[in-house]
Amino acid sequence: MGLKEEIQRRRTFAIISHPDAGKTTLTEKFLLYAGAVQLAGSVTARRNQRQSTSDWMELERKRGISISSTVLQFDYSGFRINLLDTPGHQDFSEDTYRVLTAVDAVVMVIDAAKGIEAQTRKLFEVCHRRKIPIFTFVNKMDRPSKEPLALLDEIEQVLRISAFPMNWPLGTGFQFRGIYDRLTREAHLFELAAGGAYRAPVQISTLADPLVHERLDGGAHTRLLEEIEILDTAGTPFDEKKILAGETTPVFFGSARNNFGVQLLLDGFLKRADSPRPRRSGASLVPVDTAGFSGFIFKIQANMDPRHRDRIAFLRVCSGIFRRDMTAIHAQSGKEIRLSNAAKLFGRERETVDEAYPGDIVGFVGQSILRIGDTLAEDPQIRFEEIPHFPPECFAVLNNPNPSKYKRFREGLDQLLQEGVVQGFLPRNGGAQVPILAAVGPLQFEVFKYRLENEYGAESRLEASEWKLARWLPPSADPSVLTSASLPTGAVLVNDSKGNPVILFPGDWALEYFTEKNPILELSELPFSETSTLA
Ligand SMILES: Nc1nc2c(ncn2[C@@H]2O[C@H](COP(=O)(O)OP(=O)(O)OP(=O)(O)O)[C@@H](O)[C@H]2O)c(=O)[nH]1
Ligand SMILES: [Mg+2]
């Protein structure tokens with residue numbers, strides 16, 4: 001197969017939503033229907049039950065929530081799929097936003113009982129701004145839910161996007177029996193399979209089939225026919241171009257837990273979504289089918305394999321063919337590096353990869369030079385846009401209570417900071433180099449502490465701190481003129497990981513006081529090199 005054919009058959013997408021809508025469950029069911037696992041695991045697995053493939057971290061399994069995004073590559077029906085399951089909790093949204101830079105489409109999951117929730121809306125807005133095609137899955141139709149027509153209306157009103165229902169539920173809640181495919185006009189009636197671990201048996205017929213009537217009670221059947229008529233006469237017409245432009249979202253209904261509508265969603269998505277799209281370098285787009293290999297790092301994860309304390313840098317291939325052991329220029333250092341030790345990923349599992357194509361995600365093991373946002377390319381002119389940071393809002397000081405374990409503490413600290421679990425700042429006044437940790441949300445600190453102890457055997461003590469805001473000084477400013485006397489009470493001057501000067505303020509009043517005193521200093525919520533690329 002040539003480069004063009006390989007690109008054509010690739011689909012790289014993320015599953016996004018508010019916490020608990022069912023992203024990890026849906027991911028697992030995609031794996032089941034694609035034949036990548038024989039038996040679907042569960043996020044809330046009890047003893048003797050298989051656990052999900054994408055929530056592999058110990059803390060994720062303990063809590064039943066996703067903390068870190070997971071990459072899964074598998075083949076299905078001629079396609080090569082790169083799927084990313086993301087965490088919904090807003091404290092981990094920096095990880096989710098980084099993933100959005102690496103995909104070409106998203107599946108947005110909505111809980112049918114709750115409609116559009118806050119985090120879904122925020123993530124939607126980022127995708128919409130980036131013109132990423134959005135496919136919607138209305139999940140948990142097996143539970144008492146909002147009316148399907150009301151949900152459709154909510155998507156259109158709240159997200160200000162047109163919605164095209166690709167299919168429609170046959171009944172809802174306890175009466176949820178299956179899915180009507182509006183384009184083929186087929187009715188899919190499902191049976192429950194034990195625990196949803198296996199594919200749900202399905203019978204395909206038409207709406208006129210007496211079986212459909214039999215499975216739904218009279219009221220539900222009449223309502224179904226009325227709703228379908230409303231959609232056919234008054235709904236948005238189907239327009240494939242608008243889907244790819246991110247202006248219309250195709251909507252699918254179902255239940256990930258019960259496997260109802262999962263295959264219709266997977267097949268519908270693969271049919272309508274795009275193959276890999278070009279990425280921007282400077283003012284131009286790098287065509288995906290050029291000969292030269294290029295890609296960028298969007299995520300770093302340490303200790304995926306507890307037996308080897310190593311670190312994987314995840315790269316999205318943007319153009320050309322990646323071949324193991326090839327050399328490429330690392331744009332940020334200007335160095336030429338050999339790309340050996342490359343892996344394709346399936347949750348926690350990894351396998352050596354010899355070749356990869358645009359859209360693929362490759363994990364590089366042990367390349368310590370690579371940082372999030374870095375470019376690797378054969379063409380030295382290529383440098384992809386930086387990945388945005390988030391302004392931190394929570395701060396804490398991390399102490400090592402156990403001086404005899406300082407080495408481990410330090411190693412763990414450095415690794416987890418590189419991974420971006422939290423951001424780290426160091427006071428500029430020299431003295432004890434106790435790092436100040438900064439995060440978007442407090443759960444990130446908990447994960448940091450837990451992983452430091454679990455993965456590095458290093459205890460730590462976190463002291464909450466009084467700072468509330470971080471502001472970067474402009475590159476032109478000379479931080480040495482800022483003595484402690486010129487800073488408001490409680491504010492402190494620190495360096496970020498790249499050595500840029502930053503002031504931490506205890507609150508809005510301190511920031512206002514400082515800006516009044518120093519009107520010519522233009523402070524920024526983010527490092528200056530990154531402000532232009534924020535989401
Ligand atoms: N009734 C019902 N429950 C479901 C369905 N799909 C998922 N769930 C349940 O919803 C809960 C959350 O599911 P997850 O798949 O972990 O949700 P998530 O979106 O990955 O959550 P985070 O990653 O933590 O944001 C679990 O208890 C699932 O079993 C469904 O179709 N019906
Ligand atoms: Mg999850």
# chains A, B, ... in the order shown; residues from 1 in each chain; ligands from 1
>>> residues_near_ligand(ligand="ligand 1", cutoff="8 Å", atoms="only C-alpha atoms and all ligand atoms", output="PyMOL selection string")
chain A and resi 16-27+42-44+64-67+85-89+109+139-143+254-260
>>> select_by_dssp(residues="range 154-397 of chain A", states="alpha helix (DSSP H)", output="PyMOL selection string")
chain A and resi 154-159+210-215+218-234+240-244+262-272
>>> residues_around(residues="Phe409 in chain A", least_positions_apart="5", cutoff="8 Å", atoms="only C-alpha atoms", output="PyMOL selection string")
chain A and resi 400+452+456-460
>>> write_last_selection(atoms="C-alpha atoms", output="PDB file, in the first residue's frame")
ATOM      1  CA  ASN A 400      10.523  15.976  51.244  1.00  0.00           C
ATOM      2  CA  LEU A 452       5.545  10.047  43.685  1.00  0.00           C
ATOM      3  CA  TYR A 456       9.221   6.265  43.092  1.00  0.00           C
ATOM      4  CA  GLY A 457       8.777   5.195  46.710  1.00  0.00           C
ATOM      5  CA  ALA A 458       9.144   8.802  47.818  1.00  0.00           C
ATOM      6  CA  GLU A 459       6.924  10.297  50.442  1.00  0.00           C
ATOM      7  CA  SER A 460       6.123  13.962  50.188  1.00  0.00           C
TER       8      SER A 460
END
>>> residues_around(residues="Gly171 in chain A", least_positions_apart="3", cutoff="12 Å", atoms="only C-alpha atoms", output="ChimeraX atom specification")
/A:141-148,168,174-180,187-190,212-225,227,253-254
>>> write_last_selection(atoms="N, CA and C atoms", output="compact mmCIF listing (two decimals), in the first residue's frame")
# COMPACT_ATOMS: atom_id res chain seq x y z
N MET A 141 -29.12 5.80 27.12
CA MET A 141 -30.54 5.83 26.77
C MET A 141 -31.32 4.74 27.49
N ASP A 142 -30.61 3.81 28.13
CA ASP A 142 -31.28 2.74 28.88
C ASP A 142 -31.81 3.23 30.22
N ARG A 143 -31.47 4.47 30.59
CA ARG A 143 -31.92 5.01 31.87
C ARG A 143 -32.97 6.09 31.60
N PRO A 144 -33.77 6.42 32.60
CA PRO A 144 -34.72 7.52 32.38
C PRO A 144 -33.97 8.73 31.84
N SER A 145 -34.42 9.27 30.73
CA SER A 145 -33.62 10.32 30.09
C SER A 145 -34.50 11.51 29.70
N LYS A 146 -33.86 12.56 29.25
CA LYS A 146 -34.63 13.66 28.68
C LYS A 146 -35.23 13.16 27.35
N GLU A 147 -36.24 13.85 26.86
CA GLU A 147 -36.84 13.48 25.57
C GLU A 147 -35.81 13.66 24.47
N PRO A 148 -35.70 12.70 23.54
CA PRO A 148 -34.72 12.83 22.46
C PRO A 148 -34.84 14.15 21.67
N TRP A 168 -32.18 7.21 15.61
CA TRP A 168 -33.18 7.60 16.61
C TRP A 168 -33.47 6.42 17.53
N PHE A 174 -36.48 2.24 30.40
CA PHE A 174 -36.69 0.79 30.49
C PHE A 174 -37.27 0.22 29.20
N GLN A 175 -37.78 1.11 28.37
CA GLN A 175 -38.38 0.70 27.10
C GLN A 175 -37.41 0.85 25.93
N PHE A 176 -36.15 1.08 26.22
CA PHE A 176 -35.18 1.30 25.13
C PHE A 176 -34.84 -0.05 24.49
N ARG A 177 -35.27 -0.20 23.23
CA ARG A 177 -35.14 -1.51 22.58
C ARG A 177 -34.13 -1.54 21.43
N GLY A 178 -33.83 -0.38 20.91
CA GLY A 178 -32.93 -0.41 19.77
C GLY A 178 -32.80 0.94 19.10
N ILE A 179 -32.34 0.91 17.84
CA ILE A 179 -32.00 2.13 17.12
C ILE A 179 -32.58 2.07 15.71
N TYR A 180 -33.14 3.19 15.30
CA TYR A 180 -33.61 3.30 13.91
C TYR A 180 -32.59 4.12 13.13
N ALA A 187 -34.48 -0.72 11.22
CA ALA A 187 -34.63 -0.73 12.68
C ALA A 187 -33.76 -1.84 13.24
N HIS A 188 -32.89 -1.50 14.20
CA HIS A 188 -32.00 -2.49 14.83
C HIS A 188 -32.54 -2.78 16.22
N LEU A 189 -33.03 -3.99 16.42
CA LEU A 189 -33.55 -4.36 17.75
C LEU A 189 -32.50 -5.19 18.47
N PHE A 190 -32.10 -4.72 19.66
CA PHE A 190 -31.02 -5.40 20.39
C PHE A 190 -31.55 -6.21 21.55
N VAL A 212 -41.33 -4.64 15.77
CA VAL A 212 -40.99 -3.36 16.39
C VAL A 212 -42.14 -2.92 17.29
N HIS A 213 -43.33 -3.07 16.75
CA HIS A 213 -44.53 -2.70 17.50
C HIS A 213 -44.66 -3.54 18.76
N GLU A 214 -44.37 -4.82 18.59
CA GLU A 214 -44.46 -5.77 19.70
C GLU A 214 -43.50 -5.42 20.83
N ARG A 215 -42.30 -4.98 20.49
CA ARG A 215 -41.29 -4.72 21.51
C ARG A 215 -41.50 -3.38 22.23
N LEU A 216 -42.27 -2.49 21.62
CA LEU A 216 -42.54 -1.19 22.26
C LEU A 216 -44.01 -1.14 22.66
N ASP A 217 -44.31 -0.49 23.78
CA ASP A 217 -45.74 -0.42 24.09
C ASP A 217 -46.40 0.62 23.18
N GLY A 218 -47.73 0.60 23.15
CA GLY A 218 -48.49 1.39 22.18
C GLY A 218 -48.08 2.86 22.14
N GLY A 219 -47.97 3.49 23.32
CA GLY A 219 -47.66 4.92 23.39
C GLY A 219 -46.29 5.21 22.81
N ALA A 220 -45.32 4.38 23.17
CA ALA A 220 -43.95 4.60 22.71
C ALA A 220 -43.86 4.44 21.19
N HIS A 221 -44.62 3.48 20.66
CA HIS A 221 -44.57 3.23 19.22
C HIS A 221 -45.16 4.41 18.44
N THR A 222 -46.31 4.90 18.93
CA THR A 222 -46.94 6.04 18.26
C THR A 222 -46.00 7.26 18.31
N ARG A 223 -45.41 7.49 19.48
CA ARG A 223 -44.51 8.65 19.64
C ARG A 223 -43.32 8.53 18.68
N LEU A 224 -42.80 7.31 18.57
CA LEU A 224 -41.66 7.07 17.68
C LEU A 224 -42.00 7.47 16.24
N LEU A 225 -43.17 7.01 15.76
CA LEU A 225 -43.54 7.33 14.38
C LEU A 225 -43.73 8.83 14.19
N GLU A 227 -42.26 11.24 15.93
CA GLU A 227 -40.96 11.93 15.99
C GLU A 227 -40.19 11.78 14.67
N PHE A 253 -27.62 7.80 18.91
CA PHE A 253 -28.12 7.46 20.25
C PHE A 253 -27.68 6.06 20.63
N GLY A 254 -27.69 5.77 21.92
CA GLY A 254 -27.39 4.39 22.32
C GLY A 254 -27.08 4.24 23.79
>>> residues_around(residues="His128 in chain A", least_positions_apart="5", cutoff="9 Å", atoms="only C-alpha atoms", output="list in words")
Leu123, Pro133, Ile134, Gly246 and Glu247 of chain A
>>> residues_around(residues="Asp289 in chain A", least_positions_apart="5", cutoff="7 Å", atoms="only C-alpha atoms", output="PDB file with N, CA and C atoms, in the first residue's frame")
ATOM      1  N   LEU A   3       1.755   5.508   0.274  1.00  0.00           N
ATOM      2  CA  LEU A   3       1.533   6.514   1.309  1.00  0.00           C
ATOM      3  C   LEU A   3       0.085   7.037   1.276  1.00  0.00           C
ATOM      4  N   LYS A   4      -0.398   7.344   0.057  1.00  0.00           N
ATOM      5  CA  LYS A   4      -1.753   7.915  -0.056  1.00  0.00           C
ATOM      6  C   LYS A   4      -2.825   6.963   0.481  1.00  0.00           C
ATOM      7  N   SER A 319       3.285  14.168   8.624  1.00  0.00           N
ATOM      8  CA  SER A 319       3.525  13.984   7.192  1.00  0.00           C
ATOM      9  C   SER A 319       4.555  12.888   6.979  1.00  0.00           C
ATOM     10  N   GLY A 320       4.561  12.371   5.739  1.00  0.00           N
ATOM     11  CA  GLY A 320       5.573  11.391   5.340  1.00  0.00           C
ATOM     12  C   GLY A 320       5.468  10.065   6.059  1.00  0.00           C
TER      13      GLY A 320
END
>>> residues_around(residues="Val434 in chain A", least_positions_apart="4", cutoff="8 Å", atoms="only C-alpha atoms", output="MDAnalysis selection string")
chainID A and resid 397:399 426:427
>>> write_last_selection(atoms="N, CA and C atoms", output="compact mmCIF listing (two decimals), in the first residue's frame")
# COMPACT_ATOMS: atom_id res chain seq x y z
N VAL A 397 3.33 24.02 48.03
CA VAL A 397 4.78 23.81 48.18
C VAL A 397 4.99 22.35 48.51
N LEU A 398 5.96 21.73 47.83
CA LEU A 398 6.21 20.31 48.04
C LEU A 398 7.47 20.12 48.86
N ASN A 399 7.34 19.39 49.97
CA ASN A 399 8.49 19.12 50.82
C ASN A 399 8.82 17.64 50.85
N LEU A 426 10.40 27.65 40.61
CA LEU A 426 11.45 27.72 41.64
C LEU A 426 11.66 29.16 42.05
N PRO A 427 11.78 29.42 43.37
CA PRO A 427 12.03 30.79 43.82
C PRO A 427 13.36 31.28 43.22
>>> closest_residue(among="A:Arg61, A:Phe13, A:Ile300, A:Ala105", to="ligand 2", atoms="only C-alpha atoms and all ligand atoms")
A:Arg61
>>> closest_residue(among="A:Arg63, A:Lys271, A:Arg307, A:Arg323", to="ligand 2", atoms="only C-alpha atoms and all ligand atoms")
A:Arg63
>>> select_by_dssp(residues="range 56-245 of chain A", states="strand (DSSP E or B)", output="VMD selection string")
chain A and resid 70 to 76 79 to 85 105 to 111 115 134 to 139 162 to 165 167 to 170 178 to 181 186 to 190 202 to 205
>>> atom_distance(atom1="CA of Gly507 in chain A", atom2="CA of Thr96 in chain A")
27.5 Å
>>> atom_distance(atom1="CA of Glu156 in chain A", atom2="CA of Arg11 in chain A")
26.1 Å
>>> closest_residue(among="A:Pro380, A:Asn500, A:Thr70, A:Ala291", to="ligand 2", atoms="only C-alpha atoms and all ligand atoms")
A:Thr70
>>> closest_residue(among="A:Pro392, A:Pro403, A:Glu60, A:Pro474", to="ligand 2", atoms="only C-alpha atoms and all ligand atoms")
A:Glu60
